[in-house]
$ cat protein.txt   # compact mmCIF, C-alpha atoms
# COMPACT_ATOMS: atom_id res chain seq x y z
CA MET A 9 0.00 0.00 0.00
CA SER A 10 0.98 3.64 -0.31
CA ARG A 11 3.69 5.10 1.91
CA LEU A 12 3.24 8.62 0.55
CA SER A 13 1.87 11.34 2.80
CA ILE A 14 1.13 14.82 1.47
CA SER A 15 -0.85 17.28 3.58
CA VAL A 16 -3.87 19.15 2.28
CA SER A 17 -1.96 22.40 2.81
CA GLU A 18 0.78 21.17 0.46
CA PHE A 19 -1.82 20.43 -2.21
CA VAL A 20 -3.44 23.82 -1.71
CA GLN A 21 -0.07 25.58 -1.95
CA ALA A 22 0.58 23.75 -5.22
CA TYR A 23 -2.85 24.79 -6.57
CA PHE A 24 -2.22 28.45 -5.76
CA SER A 25 1.19 28.24 -7.43
CA ARG A 26 -0.33 26.73 -10.58
CA LEU A 27 -3.06 29.37 -10.65
CA GLY A 28 -0.43 32.09 -10.48
CA LYS A 29 1.46 30.61 -13.43
CA VAL A 30 -1.75 30.24 -15.44
CA ARG A 31 -2.62 33.89 -14.87
CA GLU A 32 0.85 35.01 -15.92
CA ARG A 33 0.61 33.01 -19.13
CA MET A 34 -2.91 34.28 -19.84
CA THR A 35 -1.64 37.83 -19.59
CA ALA A 36 1.34 37.08 -21.82
CA LEU A 37 -0.90 35.53 -24.49
CA GLY A 38 -3.67 38.09 -24.28
CA VAL A 39 -6.25 35.57 -23.05
CA ASP A 40 -8.99 37.32 -21.10
CA ALA A 41 -10.59 34.23 -19.51
CA LEU A 42 -10.38 30.47 -19.34
CA ILE A 43 -13.32 28.07 -19.18
CA LEU A 44 -12.12 24.74 -17.84
CA SER A 45 -14.54 21.84 -17.96
CA LEU A 46 -14.01 18.16 -18.80
CA GLY A 47 -10.43 16.95 -19.07
CA ALA A 48 -7.31 17.26 -16.96
CA ASP A 49 -6.85 21.04 -16.78
CA LEU A 50 -9.62 21.47 -14.19
CA PRO A 51 -8.39 18.89 -11.64
CA TRP A 52 -4.79 20.02 -12.22
CA LEU A 53 -5.73 23.54 -11.23
CA ILE A 54 -8.13 23.02 -8.29
CA GLY A 55 -8.25 19.28 -7.55
CA TYR A 56 -11.85 18.82 -8.69
CA LYS A 57 -12.68 16.47 -11.57
CA ALA A 58 -15.88 17.15 -13.49
CA MET A 59 -18.12 14.18 -14.10
CA PRO A 60 -18.64 13.56 -17.85
CA LEU A 61 -22.33 14.45 -17.72
CA GLU A 62 -24.58 16.39 -20.07
CA ARG A 63 -24.84 18.98 -17.27
CA LEU A 64 -22.23 21.71 -17.57
CA THR A 65 -19.39 22.12 -15.10
CA ALA A 66 -17.04 25.02 -15.81
CA LEU A 67 -14.32 26.82 -13.90
CA ILE A 68 -14.04 30.44 -15.04
CA VAL A 69 -10.54 31.87 -14.59
CA SER A 70 -9.53 35.46 -15.22
CA PRO A 71 -6.12 37.12 -14.78
CA GLN A 72 -7.35 39.08 -11.74
CA ASP A 73 -10.61 37.83 -10.20
CA GLN A 74 -11.13 34.80 -7.99
CA PRO A 75 -11.99 31.75 -10.13
CA VAL A 76 -15.62 30.62 -10.07
CA LEU A 77 -16.71 26.99 -10.41
CA VAL A 78 -20.11 26.78 -12.09
CA VAL A 79 -21.35 23.34 -11.10
CA PRO A 80 -24.68 21.47 -11.08
CA ALA A 81 -26.28 21.82 -7.66
CA LEU A 82 -26.48 18.06 -7.26
CA GLU A 83 -22.69 17.87 -7.74
CA GLU A 84 -21.85 20.64 -5.27
CA PRO A 85 -21.39 18.21 -2.32
CA ARG A 86 -18.46 16.63 -4.21
CA VAL A 87 -16.57 19.92 -4.40
CA ALA A 88 -13.79 20.34 -1.85
CA LEU A 89 -13.15 24.01 -1.17
CA HIS A 90 -9.57 25.09 -0.45
CA GLY A 91 -9.72 28.42 1.31
CA ASP A 92 -10.19 31.25 -1.18
CA LEU A 93 -8.65 29.36 -4.13
CA PHE A 94 -12.02 29.53 -5.89
CA LYS A 95 -15.68 30.03 -5.14
CA VAL A 96 -18.65 27.90 -6.16
CA ARG A 97 -21.70 28.94 -8.14
CA PRO A 98 -24.13 25.99 -8.09
CA TRP A 99 -26.80 26.02 -10.76
CA HIS A 100 -30.23 24.47 -10.47
CA GLU A 101 -32.22 22.53 -13.03
CA TYR A 102 -34.43 25.52 -13.78
CA GLU A 103 -31.41 27.71 -14.63
CA ASP A 104 -29.42 28.00 -17.86
CA PRO A 105 -25.76 27.30 -17.02
CA TYR A 106 -24.60 28.58 -20.39
CA GLU A 107 -26.13 31.95 -19.69
CA ILE A 108 -24.36 32.00 -16.31
CA VAL A 109 -21.00 31.35 -17.95
CA ALA A 110 -21.68 33.70 -20.87
CA SER A 111 -22.51 36.48 -18.42
CA ALA A 112 -19.23 35.91 -16.59
CA ILE A 113 -17.14 36.30 -19.76
CA ARG A 114 -19.10 39.22 -21.22
CA GLY A 115 -16.64 41.77 -22.53
CA CYS A 116 -13.86 39.21 -22.91
CA SER A 117 -12.31 39.14 -26.37
CA GLN A 118 -10.17 35.98 -26.25
CA VAL A 119 -11.42 33.03 -24.17
CA GLY A 120 -9.60 29.73 -23.78
CA ILE A 121 -11.88 26.72 -23.45
CA SER A 122 -11.13 23.12 -22.46
CA ASP A 123 -10.02 21.00 -25.39
CA ARG A 124 -12.17 18.13 -24.08
CA ILE A 125 -15.41 20.02 -23.48
CA TRP A 126 -18.47 18.54 -25.18
CA ALA A 127 -19.03 20.01 -28.64
CA ALA A 128 -22.65 20.72 -27.65
CA SER A 129 -21.44 22.81 -24.69
CA LEU A 130 -19.13 24.88 -26.89
CA LEU A 131 -21.89 25.44 -29.43
CA ASN A 132 -24.28 26.58 -26.70
CA LEU A 133 -21.71 29.04 -25.37
CA GLN A 134 -20.98 30.37 -28.85
CA LYS A 135 -24.67 31.15 -29.28
CA LYS A 136 -24.68 33.27 -26.12
CA SER A 137 -21.27 34.92 -26.31
CA SER A 138 -19.48 37.17 -28.79
CA SER A 139 -16.06 36.09 -27.46
CA ALA A 140 -13.56 34.34 -29.72
CA PHE A 141 -12.81 30.86 -28.36
CA LEU A 142 -9.43 29.18 -28.56
CA PRO A 143 -8.03 25.96 -27.03
CA ALA A 144 -7.21 26.33 -23.34
CA SER A 145 -4.25 24.04 -23.98
CA ARG A 146 -2.40 27.03 -25.44
CA VAL A 147 -2.26 28.31 -21.89
CA THR A 148 -2.05 25.13 -19.85
CA THR A 149 -0.10 22.49 -21.81
CA SER A 150 3.40 23.89 -21.35
CA LEU A 151 2.70 24.51 -17.66
CA ARG A 152 1.26 21.05 -17.01
CA SER A 153 4.17 19.34 -18.75
CA VAL A 154 6.57 20.55 -16.02
CA LYS A 155 5.62 18.67 -12.88
CA ASP A 156 5.93 20.44 -9.54
CA PRO A 157 7.27 18.61 -6.45
CA VAL A 158 3.81 17.40 -5.39
CA GLU A 159 3.16 15.96 -8.84
CA GLN A 160 6.59 14.35 -8.96
CA ALA A 161 5.92 12.62 -5.65
CA MET A 162 2.54 11.40 -6.87
CA LEU A 163 4.01 10.00 -10.08
CA ALA A 164 6.83 8.29 -8.20
CA GLU A 165 4.37 6.62 -5.84
CA ALA A 166 2.12 5.54 -8.71
CA ALA A 167 5.14 3.93 -10.37
CA ARG A 168 6.28 2.23 -7.15
CA LEU A 169 2.89 0.63 -6.56
CA THR A 170 2.71 -0.52 -10.18
CA ASP A 171 6.18 -2.04 -9.89
CA VAL A 172 4.80 -4.37 -7.23
CA VAL A 173 2.57 -5.96 -9.86
CA ALA A 174 5.24 -5.91 -12.58
CA ASP A 175 7.50 -7.85 -10.21
CA ALA A 176 4.76 -10.43 -9.83
CA VAL A 177 4.50 -10.70 -13.63
CA ILE A 178 8.18 -11.42 -14.28
CA ASN A 179 8.80 -13.55 -11.17
CA GLY A 180 6.16 -16.16 -11.90
CA GLU A 181 3.61 -15.19 -9.25
CA ILE A 182 1.00 -14.92 -11.98
CA ARG A 183 0.19 -18.06 -13.95
CA PHE A 184 0.06 -17.61 -17.72
CA VAL A 185 -0.02 -20.97 -19.51
CA GLY A 186 -3.51 -22.41 -19.86
CA ARG A 187 -5.32 -19.18 -19.01
CA THR A 188 -6.97 -16.67 -21.31
CA GLU A 189 -5.52 -13.24 -21.87
CA ARG A 190 -8.63 -11.77 -20.30
CA GLU A 191 -8.22 -13.83 -17.13
CA ILE A 192 -4.60 -12.72 -16.79
CA SER A 193 -5.56 -9.11 -17.46
CA MET A 194 -8.22 -9.28 -14.75
CA GLU A 195 -5.71 -10.66 -12.22
CA ILE A 196 -3.24 -7.89 -13.05
CA SER A 197 -6.01 -5.34 -12.57
CA GLU A 198 -6.98 -6.81 -9.19
CA ARG A 199 -3.36 -6.76 -8.08
CA LEU A 200 -3.00 -3.10 -9.08
CA LEU A 201 -5.95 -2.19 -6.86
CA ASP A 202 -4.65 -4.38 -4.04
CA ALA A 203 -1.27 -2.65 -4.31
CA GLY A 204 -2.91 0.69 -3.61
CA LEU A 205 -3.93 2.28 -6.88
CA GLU A 206 -7.31 4.00 -6.92
CA LYS A 207 -8.30 2.71 -10.36
CA VAL A 208 -6.99 0.70 -13.30
CA ASN A 209 -6.65 2.58 -16.57
CA PHE A 210 -5.70 -0.38 -18.77
CA SER A 211 -4.26 -3.88 -18.58
CA ILE A 212 -3.02 -5.15 -21.95
CA VAL A 213 -2.08 -8.80 -22.25
CA GLY A 214 -1.10 -9.81 -25.78
CA SER A 215 0.09 -13.40 -26.25
CA GLY A 216 1.58 -15.28 -29.19
CA PRO A 217 0.75 -13.46 -32.44
CA ASN A 218 -1.27 -10.94 -30.41
CA SER A 219 1.98 -9.71 -28.85
CA ALA A 220 2.66 -8.06 -32.22
CA SER A 221 -0.37 -5.77 -31.71
CA PRO A 222 0.78 -2.89 -29.45
CA HIS A 223 -2.71 -2.02 -28.17
CA HIS A 224 -4.20 -5.50 -28.23
CA GLU A 225 -7.47 -5.94 -26.35
CA PRO A 226 -7.16 -9.01 -24.07
CA GLY A 227 -9.53 -11.70 -25.25
CA LYS A 228 -10.39 -15.37 -25.06
CA ARG A 229 -7.13 -16.65 -26.52
CA VAL A 230 -5.50 -19.22 -24.22
CA VAL A 231 -1.80 -18.72 -23.59
CA GLY A 232 0.32 -21.66 -24.67
CA GLU A 233 3.87 -22.90 -24.30
CA CYS A 234 6.82 -21.14 -25.98
CA GLU A 235 5.05 -17.84 -26.57
CA ALA A 236 5.87 -14.19 -26.02
CA ILE A 237 3.47 -12.15 -23.90
CA VAL A 238 3.45 -8.36 -23.77
CA CYS A 239 2.00 -7.04 -20.50
CA ASP A 240 1.34 -3.29 -20.52
CA PHE A 241 -0.63 -1.88 -17.61
CA GLY A 242 -1.15 1.15 -15.45
CA GLY A 243 -3.52 2.89 -13.12
CA GLU A 244 -4.15 5.97 -11.11
CA PHE A 245 -2.81 6.84 -7.69
CA SER A 246 -4.62 9.49 -5.71
CA LEU A 247 -4.74 11.05 -2.28
CA GLU A 248 -7.60 12.98 -0.75
CA GLY A 249 -7.51 16.56 -1.90
CA ALA A 250 -5.75 15.97 -5.20
CA ALA A 251 -6.33 14.61 -8.66
CA GLY A 252 -5.00 11.15 -9.42
CA TYR A 253 -1.69 10.63 -11.21
CA CYS A 254 -1.05 7.82 -13.66
CA SER A 255 1.37 4.93 -14.00
CA ASP A 256 2.40 2.96 -17.07
CA ILE A 257 4.81 0.04 -17.43
CA THR A 258 5.42 -2.73 -19.96
CA ARG A 259 7.30 -5.96 -19.52
CA THR A 260 7.52 -8.83 -22.00
CA VAL A 261 7.80 -12.42 -20.78
CA VAL A 262 7.97 -15.82 -22.49
CA THR A 263 6.48 -19.18 -21.60
CA GLY A 264 9.26 -21.38 -22.98
CA ASP A 265 12.05 -21.66 -25.52
CA MET A 266 11.80 -19.02 -28.25
CA PRO A 267 13.32 -18.83 -31.76
CA ASP A 268 16.75 -17.26 -32.11
CA ARG A 269 15.24 -14.37 -34.03
CA PHE A 270 13.03 -13.44 -31.10
CA LEU A 271 15.95 -13.65 -28.67
CA GLU A 272 17.98 -11.34 -30.94
CA LEU A 273 15.02 -9.01 -31.30
CA TYR A 274 14.67 -8.75 -27.55
CA THR A 275 18.39 -8.11 -27.00
CA VAL A 276 18.28 -5.31 -29.57
CA LEU A 277 15.19 -3.84 -27.91
CA GLU A 278 16.69 -4.00 -24.44
CA THR A 279 19.82 -2.17 -25.59
CA ALA A 280 17.83 0.46 -27.50
CA GLN A 281 15.65 1.21 -24.48
CA ARG A 282 18.66 1.43 -22.19
CA ARG A 283 20.47 3.81 -24.56
CA GLN A 284 17.44 6.07 -24.76
CA THR A 285 17.01 6.15 -21.00
CA GLU A 286 20.69 6.88 -20.44
CA ASN A 287 20.46 9.89 -22.76
CA VAL A 288 17.48 11.55 -21.09
CA ARG A 289 18.63 14.95 -19.92
CA ALA A 290 17.43 18.52 -19.99
CA GLY A 291 18.03 20.14 -23.36
CA ILE A 292 17.92 17.06 -25.58
CA SER A 293 15.11 17.20 -28.12
CA CYS A 294 12.22 14.77 -28.07
CA GLY A 295 13.02 13.80 -31.65
CA ARG A 296 16.64 13.04 -30.81
CA LEU A 297 15.61 10.71 -27.98
CA ASP A 298 13.39 8.84 -30.42
CA GLU A 299 16.22 8.66 -32.94
CA ILE A 300 18.69 7.18 -30.45
CA GLY A 301 16.63 4.04 -30.04
CA ARG A 302 15.19 3.92 -33.54
CA SER A 303 18.57 4.17 -35.27
CA TYR A 304 19.95 1.31 -33.16
CA ILE A 305 16.94 -0.88 -33.97
CA GLU A 306 17.43 0.03 -37.64
CA GLU A 307 21.03 -1.25 -37.55
CA PHE A 308 19.67 -4.77 -37.03
CA GLY A 309 17.01 -4.52 -39.70
CA TYR A 310 14.01 -4.15 -37.40
CA ASP A 311 13.18 -0.52 -38.18
CA GLU A 312 9.99 -1.35 -40.11
CA TYR A 313 8.73 -3.23 -37.05
CA PHE A 314 9.09 -0.29 -34.65
CA ILE A 315 5.72 1.23 -35.55
CA HIS A 316 5.02 3.81 -32.85
CA ARG A 317 6.69 6.73 -31.12
CA THR A 318 9.19 6.15 -28.33
CA GLY A 319 7.07 7.67 -25.60
CA HIS A 320 4.44 10.02 -24.23
CA GLY A 321 4.18 12.39 -21.33
CA ILE A 322 2.29 11.25 -18.25
CA GLY A 323 0.59 12.97 -15.34
CA ILE A 324 -3.10 13.37 -14.59
CA GLU A 325 -3.60 11.88 -18.04
CA GLU A 326 -2.03 8.66 -19.31
CA HIS A 327 -0.94 10.47 -22.48
CA GLU A 328 0.02 14.14 -22.47
CA GLU A 329 2.91 16.41 -23.46
CA PRO A 330 5.75 15.94 -24.17
CA TYR A 331 5.65 13.32 -26.94
CA ILE A 332 8.92 11.53 -27.71
CA VAL A 333 8.51 11.23 -31.45
CA ALA A 334 10.47 11.84 -34.64
CA GLY A 335 10.25 15.44 -35.81
CA ASN A 336 9.49 16.92 -32.39
CA SER A 337 12.20 19.54 -31.89
CA ASP A 338 11.00 20.56 -28.43
CA ALA A 339 13.68 20.16 -25.79
CA VAL A 340 12.87 18.22 -22.67
CA MET A 341 13.25 20.11 -19.40
CA PRO A 342 13.46 19.38 -15.69
CA GLY A 343 10.07 18.30 -14.42
CA ASN A 344 9.00 16.55 -17.61
CA ALA A 345 7.78 13.00 -17.04
CA PHE A 346 7.36 10.59 -19.93
CA SER A 347 7.64 6.99 -21.03
CA ILE A 348 10.55 5.36 -22.85
CA GLU A 349 8.94 2.40 -24.60
CA PRO A 350 10.42 1.17 -27.87
CA GLY A 351 8.84 -1.95 -29.32
CA ILE A 352 9.46 -4.41 -32.13
CA TYR A 353 6.51 -6.29 -33.63
CA ILE A 354 6.71 -9.03 -36.27
CA PRO A 355 3.17 -9.39 -37.70
CA ASN A 356 1.46 -12.74 -37.03
CA LEU A 357 4.47 -14.05 -35.07
CA TYR A 358 5.47 -12.14 -31.94
CA GLY A 359 6.41 -8.79 -30.53
CA ALA A 360 8.09 -7.21 -27.53
CA ARG A 361 8.08 -3.89 -25.72
CA ILE A 362 9.92 -2.52 -22.67
CA GLU A 363 8.55 0.58 -20.98
CA ASP A 364 9.54 2.74 -18.04
CA ILE A 365 8.53 6.20 -16.85
CA VAL A 366 11.35 8.72 -16.45
CA LEU A 367 11.38 12.07 -14.68
CA VAL A 368 13.81 14.67 -16.02
CA THR A 369 16.02 16.35 -13.43
CA ALA A 370 18.58 19.14 -13.59
CA SER A 371 21.38 16.57 -13.90
CA GLY A 372 19.75 13.79 -15.94
CA CYS A 373 16.70 11.75 -15.03
CA ASN A 374 15.19 9.49 -12.43
CA VAL A 375 13.80 6.22 -13.75
CA LEU A 376 10.61 5.74 -11.76
CA ASN A 377 10.17 2.05 -12.60
CA ASN A 378 12.75 -0.33 -11.15
CA VAL A 379 11.62 -3.78 -12.31
CA ASP A 380 14.17 -5.98 -14.10
CA ARG A 381 14.04 -5.50 -17.87
CA SER A 382 15.74 -8.75 -18.92
CA LEU A 383 13.67 -11.51 -20.54
CA HIS A 384 11.98 -13.76 -17.98
CA ARG A 385 10.48 -17.19 -18.50
CA VAL A 386 7.16 -17.79 -16.76
CA GLY A 387 4.74 -20.68 -16.50

$ encode --input "protein.txt" --output "structure tokens"
Amino acid sequence: MSRLSISVSEFVQAYFSRLGKVRERMTALGVDALILSLGADLPWLIGYKAMPLERLTALIVSPQDQPVLVVPALEEPRVALHGDLFKVRPWHEYEDPYEIVASAIRGCSQVGISDRIWAASLLNLQKKSSSAFLPASRVTTSLRSVKDPVEQAMLAEAARLTDVVADAVINGEIRFVGRTEREISMEISERLLDAGLEKVNFSIVGSGPNSASPHHEPGKRVVGECEAIVCDFGGEFSLEGAAGYCSDITRTVVTGDMPDRFLELYTVLETAQRRQTENVRAGISCGRLDEIGRSYIEEFGYDEYFIHRTGHGIGIEEHEEPYIVAGNSDAVMPGNAFSIEPGIYIPNLYGARIEDIVLVTASGCNVLNNVDRSLHRVG
């Protein structure tokens, strides 16, 4: 279970700090207001996660005034107030929430709105407001990609708890042969919850030829002898007073003797992933990190089988900035957290992937996952 302890006051201090940075960036970009609804921006800023309902929830942020959370009255009991961080405006079923929000942004020229808000909500607001709407991510993405100390601690704890289950995968505590992928996936999910995660985001188990499908949906296929199995799973760790933070790890195991080509493939993959991880440092571009592993895999003729980017940022969302992908010239910076997960997939035969989460520091990086990456044989 979790050993992490963060006080409510520490969370609140972090929220106020984030709000200050958001306001500074709004001013710099000429954004008069933000409307944060569904998605990660809202819980990142105040700790409250809007339910994905047809009823509108919206946090209105301006560069000067206290933010206002417009929330359905029946959801108000779920809102945890943190001093004067924001105030709540509950709306009742007989009221028009879009008119409430439109009134609050009247006179605003440029308004950032959540990228994930329902299209119907945006259309309703556009009918009632003359403001020009732009993606709120223009304000929030660069700020969210640099994790503050509270977020770093949450990510590290999420990774530690997930490592408990990854250890069970590679050390034979979980039986594979003779069970369906779905059964194994369900056991991994149960173990993640037992370890202390609040929820399971995904639990991929791809066996035999299915291991060559990076996002395989676990099904009724029964795992046999002498097969490769890609296990990719993660969940969400949360503490009271804060949004949950995600974990993500992949380990590949085998259930018996494998062809020489697979053993070579795995050795190449292991080296590529290690080289990429060793080169994570502030200032290196995302594209260069991708190239370091991809070029090594290419040397051995497997480049056409590495079919996805090297990694993705992680935080409140499983996938967020920065993206470690060819052509991305953005430099990584201290506080960035992302996956390093090269994979090689031979269609209809087998595949393999190794994934860890890294946190960029001033002097290099911390690898948050510490489970052995060598190839393990399981039963």

$ closest_residue --input "protein.txt" --among "A:Ile192, A:Cys234, A:Ala81, A:Val173" --to "A:Asn377" --atoms "all atoms listed in the file"
A:Val173

$ closest_atom_pairs --input "protein.txt" --of "stretch 244-289 of chain A" --to "stretch 55-70 of chain A" --cutoff "10 Å" --atoms "all atoms listed in the file" --output "JSON lines"
{"residue": "A:Glu248", "atom": "CA", "partner": "A:Gly55", "partner_atom": "CA", "distance": 9.3}
{"residue": "A:Gly249", "atom": "CA", "partner": "A:Gly55", "partner_atom": "CA", "distance": 6.3}
{"residue": "A:Ala250", "atom": "CA", "partner": "A:Gly55", "partner_atom": "CA", "distance": 4.8}
{"residue": "A:Ala251", "atom": "CA", "partner": "A:Gly55", "partner_atom": "CA", "distance": 5.2}
{"residue": "A:Gly252", "atom": "CA", "partner": "A:Gly55", "partner_atom": "CA", "distance": 9.0}

$ atom_distance --input "protein.txt" --atom1 "atom CA of A:Ser337" --atom2 "atom CA of A:Ile292"
8.9 Å

$ residues_near_point --input "protein.txt" --point "(-5.5, -11.0, -24.1)" --cutoff "9 Å" --atoms "all atoms listed in the file" --output "number ranges by chain"
A: 188-193, 212-215, 218-219, 224-231

$ write_last_selection --input "protein.txt" --atoms "C-alpha atoms" --output "PDB file, in the frame of the given file"
ATOM      1  CA  THR A 188      -6.970 -16.670 -21.310  1.00  0.00           C
ATOM      2  CA  GLU A 189      -5.520 -13.240 -21.870  1.00  0.00           C
ATOM      3  CA  ARG A 190      -8.630 -11.770 -20.300  1.00  0.00           C
ATOM      4  CA  GLU A 191      -8.220 -13.830 -17.130  1.00  0.00           C
ATOM      5  CA  ILE A 192      -4.600 -12.720 -16.790  1.00  0.00           C
ATOM      6  CA  SER A 193      -5.560  -9.110 -17.460  1.00  0.00           C
ATOM      7  CA  ILE A 212      -3.020  -5.150 -21.950  1.00  0.00           C
ATOM      8  CA  VAL A 213      -2.080  -8.800 -22.250  1.00  0.00           C
ATOM      9  CA  GLY A 214      -1.100  -9.810 -25.780  1.00  0.00           C
ATOM     10  CA  SER A 215       0.090 -13.400 -26.250  1.00  0.00           C
ATOM     11  CA  ASN A 218      -1.270 -10.940 -30.410  1.00  0.00           C
ATOM     12  CA  SER A 219       1.980  -9.710 -28.850  1.00  0.00           C
ATOM     13  CA  HIS A 224      -4.200  -5.500 -28.230  1.00  0.00           C
ATOM     14  CA  GLU A 225      -7.470  -5.940 -26.350  1.00  0.00           C
ATOM     15  CA  PRO A 226      -7.160  -9.010 -24.070  1.00  0.00           C
ATOM     16  CA  GLY A 227      -9.530 -11.700 -25.250  1.00  0.00           C
ATOM     17  CA  LYS A 228     -10.390 -15.370 -25.060  1.00  0.00           C
ATOM     18  CA  ARG A 229      -7.130 -16.650 -26.520  1.00  0.00           C
ATOM     19  CA  VAL A 230      -5.500 -19.220 -24.220  1.00  0.00           C
ATOM     20  CA  VAL A 231      -1.800 -18.720 -23.590  1.00  0.00           C
TER      21      VAL A 231
END

$ residues_around --input "protein.txt" --residues "A:Val109" --least-positions-apart "5" --cutoff "12 Å" --atoms "all atoms listed in the file" --output "PyMOL selection string"
chain A and resi 41-45+64-69+75-79+97-99+103-104+114+116+119+121+129-130+132-137+139

$ closest_residue --input "protein.txt" --among "A:Gln160, A:Arg282, A:Glu206, A:Pro80" --to "A:Glu101" --atoms "all atoms listed in the file"
A:Pro80

$ residues_around --input "protein.txt" --residues "A:Ile352" --least-positions-apart "5" --cutoff "9 Å" --atoms "only C-alpha atoms" --output "NGL selection string"
:A and (220 or 273-274 or 277 or 305 or 310-315 or 358-361)

$ closest_residue --input "protein.txt" --among "A:Ala22, A:Val96, A:Leu169, A:Val154" --to "A:Glu328" --atoms "only C-alpha atoms"
A:Val154

$ closest_residue --input "protein.txt" --among "A:Ser197, A:Thr170, A:Thr258, A:Ser382" --to "A:Ile348" --atoms "only C-alpha atoms"
A:Thr258

$ closest_residue --input "protein.txt" --among "A:Arg283, A:Lys155, A:Arg381, A:His316" --to "A:Leu367" --atoms "only C-alpha atoms"
A:Lys155

$ atom_distance --input "protein.txt" --atom1 "atom CA of A:Cys239" --atom2 "atom CA of A:Asp268"
21.4 Å

$ atom_distance --input "protein.txt" --atom1 "atom CA of A:Ile113" --atom2 "atom CA of A:Ser138"
9.4 Å

$ residues_around --input "protein.txt" --residues "A:Val379" --least-positions-apart "4" --cutoff "12 Å" --atoms "all atoms listed in the file" --output "PyMOL selection string"
chain A and resi 167-179+257-260+362-365+375+383-384

$ closest_residue --input "protein.txt" --among "A:Gly323, A:Asp156, A:Glu233, A:Gln72" --to "A:Gly186" --atoms "only C-alpha atoms"
A:Glu233

$ residues_around --input "protein.txt" --residues "A:Gly204" --least-positions-apart "2" --cutoff "10 Å" --atoms "all atoms listed in the file" --output "PyMOL selection string"
chain A and resi 9-11+165-166+168-170+172+199-202+206-207+243-246

$ residues_around --input "protein.txt" --residues "A:Ile322" --least-positions-apart "2" --cutoff "10 Å" --atoms "all atoms listed in the file" --output "number ranges by chain"
A: 152-153, 155, 163, 253-256, 319-320, 324-331, 344-347, 365-367

$ axis_aligned_box --input "protein.txt" --around "stretch 205-214 of chain A" --padding-each-side "8 Å" --output "JSON"
{"center_x": -4.7, "center_y": -2.9, "center_z": -16.3, "size_x": 23.2, "size_y": 29.8, "size_z": 34.9}

$ decode --input "protein.txt" --residues "stretch 137-148 of chain A" --atoms "N, CA and C atoms" --output "PDB file, in the first residue's frame"
ATOM      1  N   SER A 137     -22.424  34.064 -26.563  1.00  0.00           N
ATOM      2  CA  SER A 137     -21.265  34.916 -26.307  1.00  0.00           C
ATOM      3  C   SER A 137     -20.656  35.397 -27.623  1.00  0.00           C
ATOM      4  N   SER A 138     -20.162  36.606 -27.612  1.00  0.00           N
ATOM      5  CA  SER A 138     -19.477  37.167 -28.789  1.00  0.00           C
ATOM      6  C   SER A 138     -17.966  36.977 -28.690  1.00  0.00           C
ATOM      7  N   SER A 139     -17.495  36.325 -27.634  1.00  0.00           N
ATOM      8  CA  SER A 139     -16.062  36.095 -27.461  1.00  0.00           C
ATOM      9  C   SER A 139     -15.529  35.152 -28.524  1.00  0.00           C
ATOM     10  N   ALA A 140     -14.251  35.292 -28.837  1.00  0.00           N
ATOM     11  CA  ALA A 140     -13.562  34.343 -29.715  1.00  0.00           C
ATOM     12  C   ALA A 140     -12.966  33.238 -28.842  1.00  0.00           C
ATOM     13  N   PHE A 141     -13.276  31.990 -29.162  1.00  0.00           N
ATOM     14  CA  PHE A 141     -12.808  30.855 -28.357  1.00  0.00           C
ATOM     15  C   PHE A 141     -11.569  30.222 -28.987  1.00  0.00           C
ATOM     16  N   LEU A 142     -10.640  29.857 -28.129  1.00  0.00           N
ATOM     17  CA  LEU A 142      -9.428  29.175 -28.558  1.00  0.00           C
ATOM     18  C   LEU A 142      -9.135  28.057 -27.569  1.00  0.00           C
ATOM     19  N   PRO A 143      -8.301  27.075 -27.942  1.00  0.00           N
ATOM     20  CA  PRO A 143      -8.028  25.955 -27.030  1.00  0.00           C
ATOM     21  C   PRO A 143      -7.330  26.414 -25.749  1.00  0.00           C
ATOM     22  N   ALA A 144      -7.843  26.001 -24.623  1.00  0.00           N
ATOM     23  CA  ALA A 144      -7.206  26.335 -23.342  1.00  0.00           C
ATOM     24  C   ALA A 144      -5.816  25.733 -23.248  1.00  0.00           C
ATOM     25  N   SER A 145      -5.566  24.691 -24.015  1.00  0.00           N
ATOM     26  CA  SER A 145      -4.253  24.042 -23.978  1.00  0.00           C
ATOM     27  C   SER A 145      -3.126  24.997 -24.365  1.00  0.00           C
ATOM     28  N   ARG A 146      -3.443  26.054 -25.111  1.00  0.00           N
ATOM     29  CA  ARG A 146      -2.402  27.035 -25.440  1.00  0.00           C
ATOM     30  C   ARG A 146      -1.857  27.696 -24.181  1.00  0.00           C
ATOM     31  N   VAL A 147      -2.689  27.759 -23.170  1.00  0.00           N
ATOM     32  CA  VAL A 147      -2.259  28.314 -21.890  1.00  0.00           C
ATOM     33  C   VAL A 147      -1.688  27.235 -20.981  1.00  0.00           C
ATOM     34  N   THR A 148      -2.344  26.098 -20.907  1.00  0.00           N
ATOM     35  CA  THR A 148      -2.052  25.130 -19.852  1.00  0.00           C
ATOM     36  C   THR A 148      -1.017  24.053 -20.201  1.00  0.00           C
TER      37      THR A 148
END
